Amino acid sequence: MIKRLHHVGIAVNNLEESVALYERILGVKPLSVEEAPCQMVRAAVFKVGEEAEIELLEPSGPDSAVAKFLEKRGQGIHHICFEVDDIDRELKAMAGKGVELIDQQGRPGLAGQIGFLHPKTTQGVLIELVQPRSEGE
Ligand code: CMX
């Protein structure tokens, strides 16, 4: 089951500059700034109200998905992410609905177990699903 919009991922060239901009826009400091080697990014996460987050993503290597995106399209919205209760079940369900999967199964990501749907079958929008880590994980 899809539970809510979890976050919007934004590709940026310079994390420090973008963090300063979003601090001014949102009026809060980021919850975290961290390396995610598995995704080849440095990421800053801001809470937006009670429900959703903004994830600023700076590539940490030239061959990363975010580096390729920046090269082709420049800075901007990179993906949207929905929270699900069971990542493997939801990925399977999406495949059953004819949506092409990038990840056949959940894998570790910034926010928990994640999986991506291919933008070519979602009208040009990269969609991530996340099953957040449970407390203490
Ligand atoms: N949103 C929409 N379309 C995108 C896209 C994005 N974020 N990234 C790439 N595309 C499009 C490209 O524009 C291109 O379209 P055209 O064929 O019409 O030109 C097509 O997808 C292929 O793009 P590409 O540059 O050749 O890139 P790849 O095929 O090598 O990879 C993708 C594209 C989406 C499969 C790859 O970026 C991927 O696997 N993404 C998932 C992982 C990811 O993005 N990780 C970073 C996020 C980190 C995090 O949040 O934790």
# chains A, B, ... in the order shown; residues from 1 in each chain; ligands from 1

call {"tool": "residues_around", "arguments": {"residues": "Ala95 (chain A)", "least_positions_apart": "6", "cutoff": "10 Å", "atoms": "only C-alpha atoms", "output": "PyMOL selection string"}}
result
chain A and resi 101+104+117

call {"tool": "residues_near_ligand", "arguments": {"ligand": "ligand 1", "cutoff": "8 Å", "atoms": "only C-alpha atoms and all ligand atoms", "output": "short mmCIF file (atom, residue, chain, number, x, y, z; two decimals) with N, CA, C and O atoms, in the first residue's frame"}}
result
data_model
loop_
_atom_site.label_atom_id
_atom_site.label_comp_id
_atom_site.auth_asym_id
_atom_site.auth_seq_id
_atom_site.Cartn_x
_atom_site.Cartn_y
_atom_site.Cartn_z
N GLY A 9 13.15 14.50 -4.38
CA GLY A 9 14.61 14.55 -4.54
C GLY A 9 14.97 15.61 -5.57
O GLY A 9 14.40 15.65 -6.67
N ALA A 36 25.94 8.99 0.79
CA ALA A 36 25.27 7.71 0.55
C ALA A 36 26.04 7.02 -0.57
O ALA A 36 25.70 7.16 -1.74
N GLN A 39 24.40 5.15 -3.44
CA GLN A 39 23.74 5.91 -4.51
C GLN A 39 24.71 6.90 -5.18
O GLN A 39 24.31 7.66 -6.05
N MET A 40 25.95 6.93 -4.70
CA MET A 40 26.97 7.88 -5.21
C MET A 40 26.50 9.33 -5.11
O MET A 40 26.59 10.09 -6.08
N VAL A 41 25.96 9.67 -3.94
CA VAL A 41 25.53 11.06 -3.71
C VAL A 41 25.93 11.51 -2.31
O VAL A 41 26.15 10.68 -1.41
N GLU A 55 14.95 16.21 -0.33
CA GLU A 55 16.28 15.59 -0.34
C GLU A 55 17.10 16.31 -1.41
O GLU A 55 16.76 16.25 -2.59
N LEU A 57 20.42 16.45 -3.55
CA LEU A 57 21.36 15.41 -3.96
C LEU A 57 22.48 15.98 -4.81
O LEU A 57 22.23 16.53 -5.89
N SER A 64 27.68 8.72 -11.62
CA SER A 64 26.45 8.47 -10.86
C SER A 64 25.22 8.92 -11.64
O SER A 64 25.30 9.73 -12.57
N ALA A 65 24.07 8.38 -11.23
CA ALA A 65 22.80 8.72 -11.88
C ALA A 65 22.54 10.23 -11.78
O ALA A 65 22.09 10.86 -12.75
N VAL A 66 22.86 10.82 -10.64
CA VAL A 66 22.58 12.25 -10.45
C VAL A 66 23.55 13.10 -11.29
O VAL A 66 23.14 14.12 -11.86
N LYS A 68 24.79 12.24 -14.21
CA LYS A 68 24.29 12.15 -15.59
C LYS A 68 23.08 13.05 -15.79
O LYS A 68 22.93 13.71 -16.80
N PHE A 69 22.21 13.05 -14.76
CA PHE A 69 20.99 13.88 -14.82
C PHE A 69 21.36 15.37 -14.92
O PHE A 69 20.84 16.10 -15.75
N LYS A 72 22.70 16.30 -18.35
CA LYS A 72 21.68 16.33 -19.41
C LYS A 72 20.66 17.43 -19.20
O LYS A 72 20.22 18.07 -20.14
N ARG A 73 20.21 17.60 -17.94
CA ARG A 73 19.05 18.46 -17.69
C ARG A 73 19.31 19.65 -16.80
O ARG A 73 18.45 20.51 -16.64
N ILE A 77 14.14 19.04 -10.12
CA ILE A 77 13.51 17.86 -9.48
C ILE A 77 13.99 16.59 -10.17
O ILE A 77 13.88 16.45 -11.38
N HIS A 78 14.54 15.70 -9.37
CA HIS A 78 15.12 14.46 -9.90
C HIS A 78 14.16 13.28 -9.75
O HIS A 78 14.04 12.45 -10.64
N HIS A 79 13.48 13.20 -8.61
CA HIS A 79 12.51 12.11 -8.41
C HIS A 79 11.52 12.47 -7.32
O HIS A 79 11.76 13.41 -6.54
N ILE A 102 13.22 -0.49 -12.17
CA ILE A 102 14.69 -0.40 -12.21
C ILE A 102 15.24 -1.42 -11.21
O ILE A 102 16.21 -2.11 -11.48
N GLY A 109 18.89 2.14 0.98
CA GLY A 109 19.05 3.51 0.48
C GLY A 109 19.07 4.48 1.64
O GLY A 109 19.13 4.06 2.81
N LEU A 110 19.01 5.77 1.32
CA LEU A 110 19.10 6.80 2.36
C LEU A 110 18.01 6.66 3.42
O LEU A 110 18.26 6.80 4.61
N ALA A 111 16.79 6.41 2.94
CA ALA A 111 15.65 6.49 3.87
C ALA A 111 15.15 5.13 4.36
O ALA A 111 14.25 5.06 5.18
N ILE A 114 14.74 0.73 -0.53
CA ILE A 114 14.20 1.52 -1.64
C ILE A 114 14.14 0.72 -2.93
O ILE A 114 14.82 -0.30 -3.09
N PHE A 116 13.33 1.74 -7.39
CA PHE A 116 12.94 2.78 -8.37
C PHE A 116 12.11 2.18 -9.49
O PHE A 116 12.33 1.04 -9.92
N LEU A 117 11.17 3.02 -10.02
CA LEU A 117 10.38 2.68 -11.20
C LEU A 117 10.95 3.48 -12.37
O LEU A 117 11.33 4.65 -12.19
N HIS A 118 11.00 2.88 -13.54
CA HIS A 118 11.66 3.55 -14.67
C HIS A 118 10.81 4.69 -15.22
O HIS A 118 9.61 4.50 -15.47
N PRO A 119 11.45 5.88 -15.42
CA PRO A 119 10.66 7.03 -15.90
C PRO A 119 10.02 6.82 -17.28
O PRO A 119 9.05 7.49 -17.61
N LYS A 120 10.54 5.85 -18.06
CA LYS A 120 9.96 5.70 -19.40
C LYS A 120 8.55 5.10 -19.35
O LYS A 120 7.79 5.24 -20.31
N GLY A 124 7.83 10.03 -17.78
CA GLY A 124 8.99 10.91 -17.61
C GLY A 124 9.32 11.29 -16.18
O GLY A 124 10.19 12.13 -15.96
N VAL A 125 8.63 10.65 -15.21
CA VAL A 125 8.92 10.97 -13.80
C VAL A 125 9.59 9.76 -13.14
O VAL A 125 9.04 8.65 -13.19
N LEU A 126 10.78 9.98 -12.57
CA LEU A 126 11.45 8.91 -11.83
C LEU A 126 10.77 8.79 -10.47
O LEU A 126 10.72 9.78 -9.71
N GLU A 128 10.50 6.76 -6.81
CA GLU A 128 11.15 5.88 -5.84
C GLU A 128 10.09 5.41 -4.85
O GLU A 128 9.18 6.18 -4.50
#

call {"tool": "closest_residue", "arguments": {"among": "A:Pro108, A:Ser32, A:His6, A:Asp88", "to": "Val48 (chain A)", "atoms": "only C-alpha atoms"}}
result
A:His6

call {"tool": "closest_residue", "arguments": {"among": "A:Val84, A:Met94, A:Ala20, A:Glu71", "to": "Val130 (chain A)", "atoms": "only C-alpha atoms"}}
result
A:Val84

call {"tool": "select_by_dssp", "arguments": {"residues": "region 29-121 of chain A", "states": "helix (DSSP H, G or I)", "output": "PyMOL selection string"}}
result
chain A and resi 37-39+65-73+87-96+119-121

call {"tool": "atom_distance", "arguments": {"atom1": "CA of Glu23 (chain A)", "atom2": "CA of Ala44 (chain A)"}}
result
10.9 Å

call {"tool": "atom_distance", "arguments": {"atom1": "CA of Thr121 (chain A)", "atom2": "CA of Arg133 (chain A)"}}
result
27.7 Å

call {"tool": "residues_around", "arguments": {"residues": "Ile2 (chain A)", "least_positions_apart": "4", "cutoff": "10 Å", "atoms": "only C-alpha atoms", "output": "JSON, numbers by chain"}}
result
{"A": [6, 82, 83, 84, 85, 86, 87, 90, 129, 130, 131]}

call {"tool": "select_by_dssp", "arguments": {"residues": "region 2-137 of chain A", "states": "strand (DSSP E)", "output": "PyMOL selection string"}}
result
chain A and resi 2-11+32-36+41-48+52-59+76-84+107-108+112-117+127-132

call {"tool": "closest_residue", "arguments": {"among": "A:Val99, A:Ile54, A:Leu5, A:Val12", "to": "Val28 (chain A)", "atoms": "only C-alpha atoms"}}
result
A:Ile54

call {"tool": "atom_distance", "arguments": {"atom1": "CA of Gly61 (chain A)", "atom2": "CA of Glu35 (chain A)"}}
result
11.5 Å

call {"tool": "closest_residue", "arguments": {"among": "A:Gly27, A:Gly112, A:Gly74, A:Gly106", "to": "Asn13 (chain A)", "atoms": "only C-alpha atoms"}}
result
A:Gly74

call {"tool": "closest_residue", "arguments": {"among": "A:Thr122, A:Gln105, A:Glu53, A:Phe46", "to": "Pro30 (chain A)", "atoms": "only C-alpha atoms"}}
result
A:Phe46
